[in-house]
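K.L.:
Here it is, the structure in full.
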Amino acid sequence: MSRSKVFFASFSFLVLFFFTACGYLWDTPPSSLKRESIDFGLVITNEHKYDSRIWWFDSKLQTMQEQKLSYAALGSSFYSPAENRDELYVIPVGLGNQKDTKKVISVNKKTLQITEYPSQHINLIHMASIGEKVYSVSNLNGISYLEAWDKKEGTSKTVELPGSYLTCIFPGGNKLFAFDKNMDGDDSEENVYTMRVYSEDLRLLHKKDISSFGSLSGMAMDDGRNLYATVNLDEKGHPTGKIIKINEETYAIEEIGSSYIWPHAIYRYDDKLIVTHFDPVVVKGSEVSVIDPDGKEKMIDLKVPLEATAMMGDRFIVANSKGVYQYELPSFQLLNSYPLQLEDGFYLTNILPVNELDR
């Protein structure tokens, strides 16, 4: 064998060894997927290696396509993917003991193309997007960091909040609503929770103590006038069930309630609210509540864990480690299902709805 061939073979082996040892995969190009046969995807990930997949399904659950991605701990059952225009945003946190990937990614709903947005911080836990800005939240060593990445300018701005623990951020009315817990308080049994409202460029517009309402779950829904959020812990840190309605102009907050604990994801269907009741810490909960405009609430037990949910047209989608299920709205009658079998070390985090189904 010639010296050049020996060198090439050795170099190829080293490259292969490097990527294998580091846990990286060759990502699946979107062009290899049959986009016309895709309506939504399931995010499957692993926190011990850079190995994630999106399992893409059609609405009839007749075909499944796999897209491999080189990320660890992609997505989370503690939040729903953020949406802005044709992009769905999730966070690849990184390996479980490092959490240092320092980026937010988006999936284009039309092309399925993946785009990365850098962050200066590790341990990212929540994200949002408004206009050309992508926002991320990190908590480290008693300081919260709220960062805005400008996609157009390629620049970053960070707000630091010492003594606070930011839990979640949501867009509403072209503003950013941020919620945190005060970590500098006394030894009182009651926690102090704060809502801060920022402009797109992170100028503080409003600040309000919301301790009487409690701690948000990390899920919310914007209807263009109001932000609806679920609250699952009261001011003493005990499980509760509340839904709050925040006016995006006046910042007035109204409790429109739920008497059932662990409210999680929230959706609007016609003039009703649909709320899932699920505890992502212990991975338990199978009920949804349907709330009429007059506050009347009806509970429905779907009898499957609601690890990830989404709504597309007249379909309510549920996914967990055992399967994916589609229900017809408003009856919640089961339409179809597809069994799932995850490899050891892998878990499901989110649903990515990329098509708007006709109603």
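Order determines the names: the first chain of the structure tokens is A, the second B, and so forth; residues in each chain are numbered 1 upward, and ligands are numbered 1 upward as they are shown.
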List every residue of range 193-268 of chain A that has an atom at most 8 Å from any atom of range 63-87 of chain A, giving for each one its closest atom pair and the distance in Å to one decimal, counting only C-alpha atoms, sorted by chain and then by ascending residue number, as JSON lines.
P.N.:
{"residue": "A:Ser217", "atom": "CA", "partner": "A:Phe78", "partner_atom": "CA", "distance": 7.5}
{"residue": "A:Gly218", "atom": "CA", "partner": "A:Tyr79", "partner_atom": "CA", "distance": 5.5}
{"residue": "A:Met219", "atom": "CA", "partner": "A:Tyr79", "partner_atom": "CA", "distance": 5.7}
{"residue": "A:Ala265", "atom": "CA", "partner": "A:Ser80", "partner_atom": "CA", "distance": 7.6}
K.L.:
Taking 6 positions as the minimum chain separation for residues in the same chain, which residues sit within 8 Å of Asp292 in chain A when counting only C-alpha atoms? Answer as a ChimeraX atom specification.
P.N.:
/A:271-273
K.L.:
Which of these, A:Gly154, A:Gly237, A:Leu124, A:Asn108, has the shortest distance to Gly94 in chain A once you count only C-alpha atoms?
P.N.:
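Smallest separation from Gly94 in chain A among the options: A:Leu124.
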K.L.:
Taking only C-alpha atoms into account, name the residue in A:Asn355, A:Ser258, A:Gln113, A:Thr155 that is nearest to Gly313 in chain A.
P.N.:
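Answer, going by the shortest atom-to-atom distance: A:Asn355.
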K.L.:
Any idea what's packed within 12 Å of Ile130 in chain A, counting only C-alpha atoms, ignoring anything in its chain fewer than 4 positions away? Could you give it as an MDAnalysis selection string?
P.N.:
chainID A and resid 82:85 87 89 134:136 148:151 169:177 198:202
K.L.:
Would you save the residues from that selection as a PDB file, in the first residue's frame, using C-alpha atoms?
P.N.:
ATOM      1  CA  ALA A  82     -41.932  27.976  21.205  1.00  0.00           C
ATOM      2  CA  GLU A  83     -43.376  29.100  17.884  1.00  0.00           C
ATOM      3  CA  ASN A  84     -42.700  32.171  15.764  1.00  0.00           C
ATOM      4  CA  ARG A  85     -43.860  32.352  12.149  1.00  0.00           C
ATOM      5  CA  GLU A  87     -40.256  28.078  13.166  1.00  0.00           C
ATOM      6  CA  TYR A  89     -37.934  26.292  18.894  1.00  0.00           C
ATOM      7  CA  VAL A 134     -34.510  34.419  20.017  1.00  0.00           C
ATOM      8  CA  TYR A 135     -34.543  34.466  23.827  1.00  0.00           C
ATOM      9  CA  SER A 136     -33.138  31.954  26.298  1.00  0.00           C
ATOM     10  CA  ALA A 148     -31.683  37.877  23.419  1.00  0.00           C
ATOM     11  CA  TRP A 149     -30.011  36.791  20.184  1.00  0.00           C
ATOM     12  CA  ASP A 150     -30.686  39.005  17.161  1.00  0.00           C
ATOM     13  CA  LYS A 151     -30.887  36.750  14.098  1.00  0.00           C
ATOM     14  CA  ILE A 169     -40.599  33.247  29.419  1.00  0.00           C
ATOM     15  CA  PHE A 170     -43.450  33.796  26.958  1.00  0.00           C
ATOM     16  CA  PRO A 171     -44.145  36.232  24.102  1.00  0.00           C
ATOM     17  CA  GLY A 172     -47.320  38.288  24.179  1.00  0.00           C
ATOM     18  CA  GLY A 173     -48.258  41.488  22.379  1.00  0.00           C
ATOM     19  CA  ASN A 174     -44.697  41.822  20.983  1.00  0.00           C
ATOM     20  CA  LYS A 175     -43.409  41.858  24.549  1.00  0.00           C
ATOM     21  CA  LEU A 176     -41.598  39.252  26.608  1.00  0.00           C
ATOM     22  CA  PHE A 177     -43.190  38.092  29.874  1.00  0.00           C
ATOM     23  CA  TYR A 198     -39.659  43.397  28.677  1.00  0.00           C
ATOM     24  CA  SER A 199     -39.609  45.051  25.276  1.00  0.00           C
ATOM     25  CA  GLU A 200     -38.119  43.107  22.359  1.00  0.00           C
ATOM     26  CA  ASP A 201     -34.691  44.617  23.132  1.00  0.00           C
ATOM     27  CA  LEU A 202     -34.994  43.675  26.841  1.00  0.00           C
TER      28      LEU A 202
END
K.L.:
Here is a test: counting only C-alpha atoms, which residue of A:Val318, A:Met127, A:Ile143, A:Val197 is nearest to Leu306 in chain A?
P.N.:
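Under the stated criterion, the closest residue is A:Val318.
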K.L.:
Using only C-alpha atoms, which residues sit within 8 Å of Thr276 in chain A once same-chain residues fewer than 2 positions away are excluded, as a list in words?
P.N.:
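Neighbouring residues, sequence-local ones excluded: Pro263, His264, Ala265, Ile266, Ile274, Phe278, Ser286, Glu287, Val288, Ser289 and Leu306 of chain A.
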K.L.:
With all heavy atoms retained, could you export that selection as a PDB file, in the first residue's frame?
P.N.:
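As a result, out_14.pdb now contains:
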ATOM      1  N   PRO A 263     -52.100  21.513  36.727  1.00  0.00           N
ATOM      2  CA  PRO A 263     -52.385  21.940  35.348  1.00  0.00           C
ATOM      3  C   PRO A 263     -51.065  22.125  34.612  1.00  0.00           C
ATOM      4  O   PRO A 263     -50.085  22.606  35.186  1.00  0.00           O
ATOM      5  CB  PRO A 263     -53.130  23.256  35.532  1.00  0.00           C
ATOM      6  CG  PRO A 263     -52.625  23.797  36.837  1.00  0.00           C
ATOM      7  CD  PRO A 263     -52.391  22.582  37.696  1.00  0.00           C
ATOM      8  N   HIS A 264     -51.044  21.751  33.356  1.00  0.00           N
ATOM      9  CA  HIS A 264     -49.772  21.760  32.613  1.00  0.00           C
ATOM     10  C   HIS A 264     -49.945  22.503  31.290  1.00  0.00           C
ATOM     11  O   HIS A 264     -50.005  23.735  31.278  1.00  0.00           O
ATOM     12  CB  HIS A 264     -49.308  20.319  32.421  1.00  0.00           C
ATOM     13  CG  HIS A 264     -47.884  20.166  32.026  1.00  0.00           C
ATOM     14  ND1 HIS A 264     -46.852  20.762  32.710  1.00  0.00           N
ATOM     15  CD2 HIS A 264     -47.294  19.453  31.018  1.00  0.00           C
ATOM     16  CE1 HIS A 264     -45.697  20.438  32.150  1.00  0.00           C
ATOM     17  NE2 HIS A 264     -45.942  19.650  31.108  1.00  0.00           N
ATOM     18  N   ALA A 265     -50.071  21.802  30.175  1.00  0.00           N
ATOM     19  CA  ALA A 265     -50.227  22.470  28.878  1.00  0.00           C
ATOM     20  C   ALA A 265     -51.627  23.064  28.747  1.00  0.00           C
ATOM     21  O   ALA A 265     -52.594  22.551  29.310  1.00  0.00           O
ATOM     22  CB  ALA A 265     -49.971  21.475  27.746  1.00  0.00           C
ATOM     23  N   ILE A 266     -51.739  24.150  27.977  1.00  0.00           N
ATOM     24  CA  ILE A 266     -53.020  24.831  27.819  1.00  0.00           C
ATOM     25  C   ILE A 266     -53.226  25.224  26.362  1.00  0.00           C
ATOM     26  O   ILE A 266     -52.285  25.660  25.688  1.00  0.00           O
ATOM     27  CB  ILE A 266     -53.100  26.069  28.757  1.00  0.00           C
ATOM     28  CG1 ILE A 266     -54.473  26.748  28.632  1.00  0.00           C
ATOM     29  CG2 ILE A 266     -51.953  27.046  28.506  1.00  0.00           C
ATOM     30  CD1 ILE A 266     -54.708  27.786  29.724  1.00  0.00           C
ATOM     31  N   ILE A 274     -58.582  24.113  26.856  1.00  0.00           N
ATOM     32  CA  ILE A 274     -58.250  22.715  27.143  1.00  0.00           C
ATOM     33  C   ILE A 274     -56.954  22.712  27.945  1.00  0.00           C
ATOM     34  O   ILE A 274     -55.948  23.303  27.527  1.00  0.00           O
ATOM     35  CB  ILE A 274     -58.086  21.902  25.851  1.00  0.00           C
ATOM     36  CG1 ILE A 274     -59.422  21.832  25.089  1.00  0.00           C
ATOM     37  CG2 ILE A 274     -57.579  20.496  26.161  1.00  0.00           C
ATOM     38  CD1 ILE A 274     -59.311  21.134  23.751  1.00  0.00           C
ATOM     39  N   PHE A 278     -50.809  17.148  34.453  1.00  0.00           N
ATOM     40  CA  PHE A 278     -49.669  16.238  34.360  1.00  0.00           C
ATOM     41  C   PHE A 278     -48.519  16.785  35.195  1.00  0.00           C
ATOM     42  O   PHE A 278     -48.235  17.988  35.170  1.00  0.00           O
ATOM     43  CB  PHE A 278     -49.238  16.097  32.901  1.00  0.00           C
ATOM     44  CG  PHE A 278     -48.068  15.188  32.680  1.00  0.00           C
ATOM     45  CD1 PHE A 278     -48.217  13.805  32.735  1.00  0.00           C
ATOM     46  CD2 PHE A 278     -46.811  15.701  32.414  1.00  0.00           C
ATOM     47  CE1 PHE A 278     -47.135  12.958  32.536  1.00  0.00           C
ATOM     48  CE2 PHE A 278     -45.722  14.874  32.217  1.00  0.00           C
ATOM     49  CZ  PHE A 278     -45.890  13.492  32.273  1.00  0.00           C
ATOM     50  N   SER A 286     -53.134  11.777  33.498  1.00  0.00           N
ATOM     51  CA  SER A 286     -53.779  11.343  32.261  1.00  0.00           C
ATOM     52  C   SER A 286     -55.057  12.113  31.954  1.00  0.00           C
ATOM     53  O   SER A 286     -55.759  11.774  31.016  1.00  0.00           O
ATOM     54  CB  SER A 286     -54.094   9.842  32.343  1.00  0.00           C
ATOM     55  OG  SER A 286     -54.988   9.572  33.423  1.00  0.00           O
ATOM     56  N   GLU A 287     -55.370  13.153  32.734  1.00  0.00           N
ATOM     57  CA  GLU A 287     -56.636  13.846  32.580  1.00  0.00           C
ATOM     58  C   GLU A 287     -56.477  15.200  31.895  1.00  0.00           C
ATOM     59  O   GLU A 287     -55.449  15.876  32.040  1.00  0.00           O
ATOM     60  CB  GLU A 287     -57.296  14.045  33.946  1.00  0.00           C
ATOM     61  CG  GLU A 287     -57.719  12.740  34.610  1.00  0.00           C
ATOM     62  CD  GLU A 287     -58.368  12.964  35.962  1.00  0.00           C
ATOM     63  OE1 GLU A 287     -57.709  13.593  36.816  1.00  0.00           O
ATOM     64  OE2 GLU A 287     -59.511  12.526  36.164  1.00  0.00           O
ATOM     65  N   VAL A 288     -57.512  15.583  31.161  1.00  0.00           N
ATOM     66  CA  VAL A 288     -57.603  16.924  30.590  1.00  0.00           C
ATOM     67  C   VAL A 288     -58.894  17.551  31.092  1.00  0.00           C
ATOM     68  O   VAL A 288     -59.880  16.854  31.359  1.00  0.00           O
ATOM     69  CB  VAL A 288     -57.596  16.906  29.039  1.00  0.00           C
ATOM     70  CG1 VAL A 288     -56.314  16.319  28.510  1.00  0.00           C
ATOM     71  CG2 VAL A 288     -58.793  16.143  28.500  1.00  0.00           C
ATOM     72  N   SER A 289     -58.866  18.861  31.256  1.00  0.00           N
ATOM     73  CA  SER A 289     -60.085  19.582  31.625  1.00  0.00           C
ATOM     74  C   SER A 289     -60.470  20.501  30.475  1.00  0.00           C
ATOM     75  O   SER A 289     -59.616  21.095  29.818  1.00  0.00           O
ATOM     76  CB  SER A 289     -59.888  20.382  32.917  1.00  0.00           C
ATOM     77  OG  SER A 289     -58.820  21.292  32.802  1.00  0.00           O
ATOM     78  N   LEU A 306     -49.810  11.847  29.856  1.00  0.00           N
ATOM     79  CA  LEU A 306     -49.776  12.986  28.934  1.00  0.00           C
ATOM     80  C   LEU A 306     -48.390  13.615  28.914  1.00  0.00           C
ATOM     81  O   LEU A 306     -48.216  14.812  29.160  1.00  0.00           O
ATOM     82  CB  LEU A 306     -50.830  14.024  29.343  1.00  0.00           C
ATOM     83  CG  LEU A 306     -52.249  13.486  29.549  1.00  0.00           C
ATOM     84  CD1 LEU A 306     -53.186  14.613  29.988  1.00  0.00           C
ATOM     85  CD2 LEU A 306     -52.774  12.833  28.276  1.00  0.00           C
TER      86      LEU A 306
END
K.L.:
Among range 67-293 of chain A, which ones does DSSP assign to strand (DSSP E) (computed from the backbone)? Answer as a compact mmCIF listing (two decimals) with C-alpha atoms, in the first residue's frame.
P.N.:
# COMPACT_ATOMS: atom_id res chain seq x y z
CA GLN A 67 -34.41 12.29 11.29
CA LYS A 68 -31.20 11.90 13.30
CA LEU A 69 -29.68 14.91 15.04
CA ALA A 82 -41.93 27.98 21.21
CA GLU A 83 -43.38 29.10 17.88
CA ASN A 84 -42.70 32.17 15.76
CA GLU A 87 -40.26 28.08 13.17
CA LEU A 88 -40.59 25.80 16.20
CA TYR A 89 -37.93 26.29 18.89
CA VAL A 90 -36.48 23.80 21.39
CA LYS A 103 -27.70 27.08 21.80
CA VAL A 104 -31.37 27.12 20.85
CA ILE A 105 -32.46 25.39 17.65
CA SER A 106 -35.48 25.84 15.42
CA VAL A 107 -37.23 23.46 13.04
CA ASN A 108 -38.76 25.06 9.96
CA ILE A 114 -32.66 22.89 11.48
CA THR A 115 -31.20 26.30 12.40
CA GLU A 116 -28.99 26.98 15.42
CA TYR A 117 -28.90 30.18 17.51
CA PRO A 118 -25.94 30.60 19.88
CA LEU A 124 -30.54 26.70 29.27
CA ILE A 125 -34.05 25.84 30.53
CA HIS A 126 -36.57 27.90 28.55
CA MET A 127 -36.84 29.86 25.31
CA ALA A 128 -39.08 32.18 23.27
CA SER A 129 -38.97 34.15 20.03
CA ILE A 130 -40.37 37.52 18.90
CA LYS A 133 -35.06 37.81 18.38
CA VAL A 134 -34.51 34.42 20.02
CA TYR A 135 -34.54 34.47 23.83
CA SER A 136 -33.14 31.95 26.30
CA VAL A 137 -33.04 31.55 30.07
CA SER A 138 -30.21 30.21 32.22
CA ASN A 139 -29.75 30.00 36.00
CA LEU A 140 -26.26 29.58 37.42
CA ILE A 143 -27.89 34.51 39.04
CA SER A 144 -30.50 34.33 36.29
CA TYR A 145 -29.52 35.24 32.75
CA LEU A 146 -32.06 36.36 30.16
CA GLU A 147 -30.42 36.56 26.75
CA ALA A 148 -31.68 37.88 23.42
CA TRP A 149 -30.01 36.79 20.18
CA ASP A 150 -30.69 39.01 17.16
CA THR A 155 -25.58 40.16 18.18
CA SER A 156 -26.47 39.23 21.74
CA LYS A 157 -27.75 41.13 24.80
CA THR A 158 -28.08 39.70 28.31
CA VAL A 159 -29.98 40.88 31.39
CA GLU A 160 -28.64 39.56 34.70
CA LEU A 161 -30.95 39.06 37.69
CA PRO A 162 -28.90 38.30 40.85
CA SER A 164 -33.59 35.40 41.15
CA TYR A 165 -34.42 32.07 39.56
CA LEU A 166 -36.09 32.55 36.19
CA THR A 167 -38.47 29.71 35.42
CA CYS A 168 -40.12 30.59 32.10
CA ILE A 169 -40.60 33.25 29.42
CA PHE A 170 -43.45 33.80 26.96
CA PRO A 171 -44.14 36.23 24.10
CA GLY A 172 -47.32 38.29 24.18
CA LYS A 175 -43.41 41.86 24.55
CA LEU A 176 -41.60 39.25 26.61
CA PHE A 177 -43.19 38.09 29.87
CA ALA A 178 -40.65 36.60 32.30
CA PHE A 179 -41.43 34.83 35.58
CA ASP A 180 -39.02 34.22 38.45
CA LYS A 181 -38.72 33.17 42.05
CA ASN A 182 -36.82 35.34 44.54
CA TYR A 193 -42.75 35.24 42.67
CA THR A 194 -42.35 38.10 40.20
CA MET A 195 -43.57 38.85 36.68
CA ARG A 196 -41.34 41.11 34.59
CA VAL A 197 -42.36 42.45 31.18
CA TYR A 198 -39.66 43.40 28.68
CA LEU A 204 -37.91 46.50 31.49
CA LEU A 205 -41.44 47.81 30.99
CA HIS A 206 -43.24 46.47 34.04
CA LYS A 207 -42.63 44.49 37.22
CA LYS A 208 -45.26 42.93 39.48
CA ASP A 209 -45.33 40.70 42.56
CA SER A 215 -45.45 29.52 40.46
CA LEU A 216 -46.14 28.97 36.77
CA SER A 217 -45.78 25.49 35.30
CA GLY A 218 -43.75 26.62 32.27
CA MET A 219 -46.69 26.40 29.85
CA ALA A 220 -48.79 29.26 28.44
CA MET A 221 -50.95 30.24 25.48
CA ASP A 222 -51.28 33.65 23.78
CA ASN A 226 -54.22 37.86 26.76
CA LEU A 227 -51.64 35.40 27.98
CA TYR A 228 -53.13 32.31 29.64
CA ALA A 229 -50.76 30.41 31.93
CA THR A 230 -51.08 27.39 34.19
CA VAL A 231 -49.96 27.54 37.84
CA ASN A 232 -49.09 24.28 39.60
CA LEU A 233 -47.50 25.43 42.89
CA PRO A 239 -49.32 21.53 44.52
CA THR A 240 -52.28 23.55 43.29
CA GLY A 241 -54.42 24.08 40.21
CA LYS A 242 -54.86 27.57 38.80
CA ILE A 243 -55.14 29.25 35.43
CA ILE A 244 -54.32 32.92 35.19
CA LYS A 245 -55.23 35.37 32.44
CA ILE A 246 -52.79 38.25 31.91
CA ASN A 247 -53.84 41.30 29.88
CA ILE A 253 -54.05 39.43 36.14
CA GLU A 254 -57.25 37.48 36.63
CA GLU A 255 -57.55 33.98 38.05
CA PRO A 263 -52.38 21.94 35.35
CA HIS A 264 -49.77 21.76 32.61
CA ALA A 265 -50.23 22.47 28.88
CA ILE A 266 -53.02 24.83 27.82
CA TYR A 267 -54.80 25.32 24.48
CA ARG A 268 -57.76 27.22 23.06
CA TYR A 269 -60.38 25.34 21.08
CA LYS A 272 -63.09 26.85 25.35
CA LEU A 273 -59.78 26.19 27.10
CA ILE A 274 -58.25 22.71 27.14
CA VAL A 275 -55.82 22.05 30.00
CA THR A 276 -53.77 18.91 30.61
CA HIS A 277 -53.12 17.78 34.18
CA PHE A 278 -49.67 16.24 34.36
CA ASP A 279 -46.69 16.28 36.73
CA LYS A 284 -47.91 11.10 36.12
CA GLY A 285 -51.25 12.40 34.88
CA SER A 286 -53.78 11.34 32.26
CA GLU A 287 -56.64 13.85 32.58
CA VAL A 288 -57.60 16.92 30.59
CA SER A 289 -60.08 19.58 31.62
CA VAL A 290 -62.33 21.49 29.21
CA ILE A 291 -63.29 24.92 30.55
K.L.:
What's the 9 Å shell around Arg35 in chain A, counting only C-alpha atoms, without same-chain residues fewer than 4 positions away, as a VMD selection string?
P.N.:
chain A and resid 30 to 31 39 110 to 112
